[in-house]
Every structure is written in structure tokens, then in C-alpha cells.
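**Q** Dumping the structure here so I can ask a few things about it.
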Amino acid sequence: MYKLLSVVFLIWSSVAALAGTIEVEMLTKNDAGDRMVFSQELIRAEVGDVIRFLPTERSHNAQSVKGALPDGQKSFKGKQNKEVEYLVTETGLTVVVCAPHQAMGMVALIVVGNDLSNATQVLDARVRGKGKDKVKALIEQAKANP
Ligand SMILES: [Cu+2]
């Protein structure tokens, strides 16, 4: 019994060790000169990871979009100028937008476990303006580089 418990603990601790925190900054301008962007736009993650959106520059937020996240995954909505965390519990695609700037293209795509099975639903979800085009481009990018 003791042996079994230690094996269970070993497995649990290695899973916990693999889970990571991914930090994404919310930027008005990045080093390349792009305006209204997340510091990472194609975010690859695994179940158990935490993705932390940081209010590095003012007037941004991060939130999920109705219909653009995997079944069972909890939606999230950060306040403007506030840090928000997203705990990954499901594989699949999640769109993240900055509400004030999504039409200017301030969106990101989270790809968990390289699972693209909800791509069609994600493309049907309501994202405004240039944000929609960027979601399409990011899905293509994710398909091209598994
Ligand atoms: Cu913004």
C-alpha cells in the first residue's frame, strides 16, 4: 500500500511539475511596432497550464468569446487594466480578445494539446473587424505548424 501511494505521489508530482504558467502581456505597442496586440498571439498550452494575461500597458483586458472555447472549459473575463488568469482544463481552441480593441485585431488563439477539432465553431463565433481575420490566420498558422 505504501508503495502504491508513493507511485501515485510520484505521478502526481511529475504532472504538477510539467504544468506551467504562460505569461502574455497586453500591449499598446510591441517591440516590432505593432499596435494593440497581445505579446503572444498563437499560444500553445497543455491541460493544467495557467495562462496569465498581464496589464503591461493601460486600457486593455482579456476575455473569452461565447462559442469560441472547448466544451467544458470555463469562460473568463478580465477587467480593464487587471491581470486575469485562465486555467486550462480542456484540449481545443480558445479565442481571447481585448474587448476595446478586438476590431483593431487585438486577439489571441490558445491551442491546447494541438487539438483543432473545434475550429469550425471558433470561426463561427462573433469576433469583430480585423480580429476575425486574425483568428482565421492564427488557425491556419496552427494547422501549418503542428
Ligand atoms: Cu486592448
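Ligands are numbered from 1 in the order shown, chains are lettered A, B, ... in the order of the C-alpha cells, and residues start at 1 in each chain.
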Quick check for you: according to DSSP on this backbone, which residues of chain A are classed as strand (DSSP E or B)? Reply as a PyMOL selection string.

**A** chain A and resi 21-29+35-38+42-45+50-54+63-64+77+84-87+92-97+107-112

**Q** Please, could you write that set of residues out with N, CA and C atoms as a CSV table (one decimal), in the first residue's frame?

**A**
chain,number,residue,atom,x,y,z
A,21,THR,N,3.2,28.0,-16.1
A,21,THR,CA,2.5,29.3,-16.2
A,21,THR,C,3.0,30.0,-17.5
A,22,ILE,N,2.1,30.5,-18.3
A,22,ILE,CA,2.5,31.2,-19.5
A,22,ILE,C,2.0,32.6,-19.3
A,23,GLU,N,2.9,33.5,-19.5
A,23,GLU,CA,2.6,34.9,-19.3
A,23,GLU,C,2.5,35.6,-20.6
A,24,VAL,N,1.4,36.3,-20.8
A,24,VAL,CA,1.1,37.1,-22.0
A,24,VAL,C,0.8,38.5,-21.6
A,25,GLU,N,1.5,39.4,-22.3
A,25,GLU,CA,1.4,40.9,-22.0
A,25,GLU,C,0.3,41.5,-22.9
A,26,MET,N,-0.4,42.4,-22.3
A,26,MET,CA,-1.4,43.2,-23.1
A,26,MET,C,-0.7,44.5,-23.4
A,27,LEU,N,-0.5,44.7,-24.7
A,27,LEU,CA,0.4,45.9,-25.2
A,27,LEU,C,-0.3,46.9,-26.1
A,28,THR,N,0.0,48.1,-25.9
A,28,THR,CA,-0.4,49.1,-26.9
A,28,THR,C,0.5,49.2,-28.1
A,29,LYS,N,1.7,48.8,-27.9
A,29,LYS,CA,2.7,48.8,-29.0
A,29,LYS,C,3.8,47.8,-28.6
A,35,ARG,N,0.6,47.7,-33.1
A,35,ARG,CA,-0.2,48.4,-32.1
A,35,ARG,C,-1.4,47.5,-31.7
A,36,MET,N,-1.8,47.6,-30.4
A,36,MET,CA,-2.9,46.9,-29.8
A,36,MET,C,-2.8,45.4,-30.1
A,37,VAL,N,-1.9,44.8,-29.4
A,37,VAL,CA,-1.6,43.4,-29.5
A,37,VAL,C,-1.3,42.7,-28.2
A,38,PHE,N,-1.6,41.4,-28.2
A,38,PHE,CA,-1.1,40.5,-27.1
A,38,PHE,C,0.4,40.1,-27.5
A,42,LEU,N,-0.3,33.3,-30.9
A,42,LEU,CA,-0.6,31.9,-31.0
A,42,LEU,C,0.0,31.3,-29.8
A,43,ILE,N,-0.9,30.9,-28.8
A,43,ILE,CA,-0.4,30.4,-27.5
A,43,ILE,C,-0.6,28.9,-27.4
A,44,ARG,N,0.5,28.2,-27.4
A,44,ARG,CA,0.4,26.8,-27.3
A,44,ARG,C,0.5,26.4,-25.8
A,45,ALA,N,-0.5,25.6,-25.3
A,45,ALA,CA,-0.5,25.2,-23.9
A,45,ALA,C,-1.0,23.7,-23.8
A,50,VAL,N,-1.5,27.4,-16.6
A,50,VAL,CA,-2.2,28.6,-16.4
A,50,VAL,C,-1.7,29.7,-17.3
A,51,ILE,N,-2.6,30.4,-18.0
A,51,ILE,CA,-2.2,31.4,-18.9
A,51,ILE,C,-2.6,32.7,-18.2
A,52,ARG,N,-1.5,33.6,-17.9
A,52,ARG,CA,-1.7,34.8,-17.2
A,52,ARG,C,-1.6,36.0,-18.1
A,53,PHE,N,-2.7,36.8,-18.2
A,53,PHE,CA,-2.6,38.0,-19.0
A,53,PHE,C,-2.3,39.2,-18.1
A,54,LEU,N,-1.2,39.9,-18.5
A,54,LEU,CA,-0.7,40.9,-17.7
A,54,LEU,C,-1.0,42.3,-18.3
A,63,GLN,N,-10.5,38.4,-22.4
A,63,GLN,CA,-11.7,37.6,-22.1
A,63,GLN,C,-11.9,36.6,-23.2
A,64,SER,N,-12.6,35.6,-22.9
A,64,SER,CA,-13.0,34.6,-23.9
A,64,SER,C,-14.2,35.1,-24.7
A,77,LYS,N,-13.4,36.5,-18.1
A,77,LYS,CA,-13.5,37.9,-18.5
A,77,LYS,C,-12.7,38.7,-17.5
A,84,VAL,N,-5.5,38.8,-15.4
A,84,VAL,CA,-6.5,37.7,-15.3
A,84,VAL,C,-5.8,36.4,-15.7
A,85,GLU,N,-6.3,35.3,-15.0
A,85,GLU,CA,-5.7,34.0,-15.2
A,85,GLU,C,-6.7,33.1,-15.9
A,86,TYR,N,-6.2,32.2,-16.7
A,86,TYR,CA,-7.1,31.3,-17.4
A,86,TYR,C,-6.5,29.9,-17.1
A,87,LEU,N,-7.2,29.1,-16.4
A,87,LEU,CA,-6.7,27.7,-16.1
A,87,LEU,C,-7.2,26.8,-17.2
A,92,GLY,N,-8.3,21.8,-27.1
A,92,GLY,CA,-9.0,22.5,-28.1
A,92,GLY,C,-8.6,24.0,-28.3
A,93,LEU,N,-9.4,24.7,-29.0
A,93,LEU,CA,-9.0,26.1,-29.3
A,93,LEU,C,-9.9,27.1,-28.5
A,94,THR,N,-9.2,28.1,-28.0
A,94,THR,CA,-9.9,29.2,-27.3
A,94,THR,C,-9.5,30.5,-28.0
A,95,VAL,N,-10.5,31.4,-28.3
A,95,VAL,CA,-10.1,32.7,-28.7
A,95,VAL,C,-10.2,33.7,-27.5
A,96,VAL,N,-9.2,34.5,-27.5
A,96,VAL,CA,-9.1,35.5,-26.4
A,96,VAL,C,-9.1,36.9,-27.1
A,97,VAL,N,-10.0,37.8,-26.6
A,97,VAL,CA,-10.0,39.1,-27.2
A,97,VAL,C,-9.8,40.2,-26.1
A,107,VAL,N,-6.4,40.1,-30.6
A,107,VAL,CA,-6.9,38.8,-30.3
A,107,VAL,C,-5.8,37.9,-30.2
A,108,ALA,N,-6.0,36.7,-29.5
A,108,ALA,CA,-5.0,35.7,-29.5
A,108,ALA,C,-5.8,34.3,-29.6
A,109,LEU,N,-5.1,33.3,-30.0
A,109,LEU,CA,-5.6,32.0,-30.1
A,109,LEU,C,-4.8,31.0,-29.2
A,110,ILE,N,-5.5,30.4,-28.3
A,110,ILE,CA,-4.9,29.4,-27.4
A,110,ILE,C,-5.1,28.0,-28.1
A,111,VAL,N,-4.1,27.2,-28.3
A,111,VAL,CA,-4.2,25.9,-28.8
A,111,VAL,C,-3.7,24.9,-27.7
A,112,VAL,N,-4.6,24.1,-27.3
A,112,VAL,CA,-4.3,23.1,-26.2
A,112,VAL,C,-4.2,21.7,-26.7

**Q** Set the distance at 10 Å and use only C-alpha atoms: which residues neighbour Thr91 of chain A once local chain neighbours fewer than 4 positions away are removed? I'd like the list as a PyMOL selection string.

**A** chain A and resi 45-47+69-73+110-118

**Q** Kindly give the distance, in Å, that separates atom CA of Lys132 of chain A and atom CA of Ser75 of chain A, rounded to a single decimal.

**A**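 Value for the atom CA of Lys132 of chain A-atom CA of Ser75 of chain A distance: 18.8 Å.
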
**Q** Mind pulling up the distance from atom CA of Gly33 of chain A to atom CA of Arg58 of chain A?

**A**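 About the pair atom CA of Arg58 of chain A and atom CA of Gly33 of chain A: they are 16.5 Å apart.
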
**Q** Go ahead and compute the interatomic distance for atom CA of Lys143 of chain A and atom CA of Ala99 of chain A, in Å to one decimal.

**A**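 A separation of 26.1 Å between them.
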
**Q** Here is a test: counting only C-alpha atoms and all ligand atoms, which residue of A:Gly67, A:Gly78, A:Gly48, A:Pro100 is nearest to ligand 1?

**A**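 Residue with the minimum atom-to-atom distance to ligand 1: A:Pro100.
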
**Q** Calculated over only C-alpha atoms and all ligand atoms, which of the candidates A:His101, A:Lys66, A:Lys134, A:Lys82 has the smallest distance to ligand 1?

**A**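 Under the stated criterion, the closest residue is A:His101.
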
**Q** Just checking: using only C-alpha atoms and all ligand atoms, which residue out of A:Thr89, A:Ala32, A:Gln40, A:Ala103 ends up closest to ligand 1?

**A**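 Residue with the minimum atom-to-atom distance to ligand 1: A:Ala103.
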
**Q** Please determine, counting only C-alpha atoms and all ligand atoms, which residue among A:Cys98, A:Val127, A:Val122, A:Met104 has the shortest atom-to-atom distance to ligand 1.

**A** A:Cys98

**Q** Residues of chain A classed as alpha helix (DSSP H) by DSSP on the backbone are to be reported as number ranges by chain.

**A** A: 2-18, 119-124, 129-144

**Q** Restricting the output to N, CA and C atoms, write the selected residues as a short mmCIF file (atom, residue, chain, number, x, y, z; two decimals), in the first residue's frame.

**A**
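That gives us selection28.cif:
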data_model
loop_
_atom_site.label_atom_id
_atom_site.label_comp_id
_atom_site.auth_asym_id
_atom_site.auth_seq_id
_atom_site.Cartn_x
_atom_site.Cartn_y
_atom_site.Cartn_z
N TYR A 2 1.91 1.23 0.82
CA TYR A 2 2.80 2.38 0.88
C TYR A 2 3.45 2.62 -0.48
N LYS A 3 3.86 1.50 -1.11
CA LYS A 3 4.48 1.59 -2.44
C LYS A 3 3.53 2.23 -3.44
N LEU A 4 2.30 1.76 -3.40
CA LEU A 4 1.31 2.28 -4.33
C LEU A 4 1.14 3.78 -4.12
N LEU A 5 1.05 4.17 -2.86
CA LEU A 5 0.88 5.60 -2.56
C LEU A 5 2.05 6.42 -3.08
N SER A 6 3.26 5.87 -2.93
CA SER A 6 4.40 6.66 -3.40
C SER A 6 4.43 6.76 -4.91
N VAL A 7 3.97 5.68 -5.58
CA VAL A 7 3.90 5.75 -7.05
C VAL A 7 2.88 6.81 -7.45
N VAL A 8 1.72 6.79 -6.80
CA VAL A 8 0.68 7.78 -7.10
C VAL A 8 1.24 9.19 -6.87
N PHE A 9 1.95 9.35 -5.78
CA PHE A 9 2.50 10.67 -5.47
C PHE A 9 3.52 11.09 -6.52
N LEU A 10 4.35 10.15 -6.95
CA LEU A 10 5.37 10.45 -7.97
C LEU A 10 4.72 10.91 -9.26
N ILE A 11 3.66 10.20 -9.67
CA ILE A 11 2.97 10.57 -10.91
C ILE A 11 2.34 11.95 -10.73
N TRP A 12 1.67 12.14 -9.61
CA TRP A 12 1.02 13.42 -9.36
C TRP A 12 2.04 14.56 -9.38
N SER A 13 3.18 14.34 -8.73
CA SER A 13 4.14 15.44 -8.65
C SER A 13 4.80 15.71 -9.99
N SER A 14 4.95 14.67 -10.84
CA SER A 14 5.54 14.96 -12.15
C SER A 14 4.54 15.70 -13.03
N VAL A 15 3.25 15.37 -12.92
CA VAL A 15 2.23 16.10 -13.68
C VAL A 15 2.22 17.56 -13.21
N ALA A 16 2.26 17.76 -11.90
CA ALA A 16 2.26 19.11 -11.37
C ALA A 16 3.48 19.89 -11.83
N ALA A 17 4.62 19.19 -11.92
CA ALA A 17 5.85 19.86 -12.33
C ALA A 17 5.81 20.25 -13.80
N LEU A 18 5.11 19.45 -14.62
CA LEU A 18 5.03 19.76 -16.04
C LEU A 18 4.11 20.94 -16.31
N ALA A 119 -12.36 24.01 -34.50
CA ALA A 119 -12.00 25.15 -35.37
C ALA A 119 -13.23 25.76 -36.06
N THR A 120 -14.17 24.91 -36.51
CA THR A 120 -15.34 25.43 -37.22
C THR A 120 -16.20 26.30 -36.32
N GLN A 121 -16.45 25.83 -35.08
CA GLN A 121 -17.24 26.64 -34.12
C GLN A 121 -16.52 27.95 -33.81
N VAL A 122 -15.22 27.86 -33.66
CA VAL A 122 -14.42 29.05 -33.34
C VAL A 122 -14.54 30.08 -34.47
N LEU A 123 -14.52 29.59 -35.72
CA LEU A 123 -14.63 30.51 -36.85
C LEU A 123 -16.02 31.13 -36.95
N ASP A 124 -17.04 30.44 -36.42
CA ASP A 124 -18.42 30.96 -36.45
C ASP A 124 -18.68 31.93 -35.30
N GLY A 129 -14.34 42.85 -36.70
CA GLY A 129 -13.34 43.50 -37.57
C GLY A 129 -12.10 42.68 -37.86
N LYS A 130 -10.96 43.34 -37.71
CA LYS A 130 -9.67 42.70 -38.00
C LYS A 130 -9.40 41.52 -37.10
N GLY A 131 -10.05 41.49 -35.93
CA GLY A 131 -9.87 40.39 -35.00
C GLY A 131 -10.28 39.07 -35.65
N LYS A 132 -11.40 39.12 -36.40
CA LYS A 132 -11.91 37.92 -37.08
C LYS A 132 -10.87 37.40 -38.08
N ASP A 133 -10.30 38.32 -38.86
CA ASP A 133 -9.29 37.92 -39.85
C ASP A 133 -8.07 37.31 -39.16
N LYS A 134 -7.72 37.89 -38.02
CA LYS A 134 -6.54 37.36 -37.33
C LYS A 134 -6.82 35.97 -36.76
N VAL A 135 -8.05 35.74 -36.26
CA VAL A 135 -8.40 34.40 -35.76
C VAL A 135 -8.23 33.38 -36.89
N LYS A 136 -8.73 33.72 -38.08
CA LYS A 136 -8.59 32.82 -39.24
C LYS A 136 -7.13 32.54 -39.52
N ALA A 137 -6.33 33.61 -39.55
CA ALA A 137 -4.90 33.47 -39.86
C ALA A 137 -4.20 32.61 -38.80
N LEU A 138 -4.57 32.79 -37.54
CA LEU A 138 -3.92 32.03 -36.46
C LEU A 138 -4.29 30.56 -36.54
N ILE A 139 -5.53 30.26 -36.92
CA ILE A 139 -5.93 28.86 -37.08
C ILE A 139 -5.12 28.22 -38.22
N GLU A 140 -4.96 28.95 -39.31
CA GLU A 140 -4.16 28.44 -40.43
C GLU A 140 -2.72 28.19 -39.98
N GLN A 141 -2.20 29.13 -39.21
CA GLN A 141 -0.83 29.00 -38.69
C GLN A 141 -0.70 27.77 -37.80
N ALA A 142 -1.71 27.54 -36.96
CA ALA A 142 -1.68 26.39 -36.04
C ALA A 142 -1.73 25.08 -36.83
N LYS A 143 -2.53 25.06 -37.92
CA LYS A 143 -2.64 23.85 -38.76
C LYS A 143 -1.33 23.58 -39.49
N ALA A 144 -0.68 24.65 -39.91
CA ALA A 144 0.54 24.52 -40.71
C ALA A 144 1.73 24.05 -39.87
#
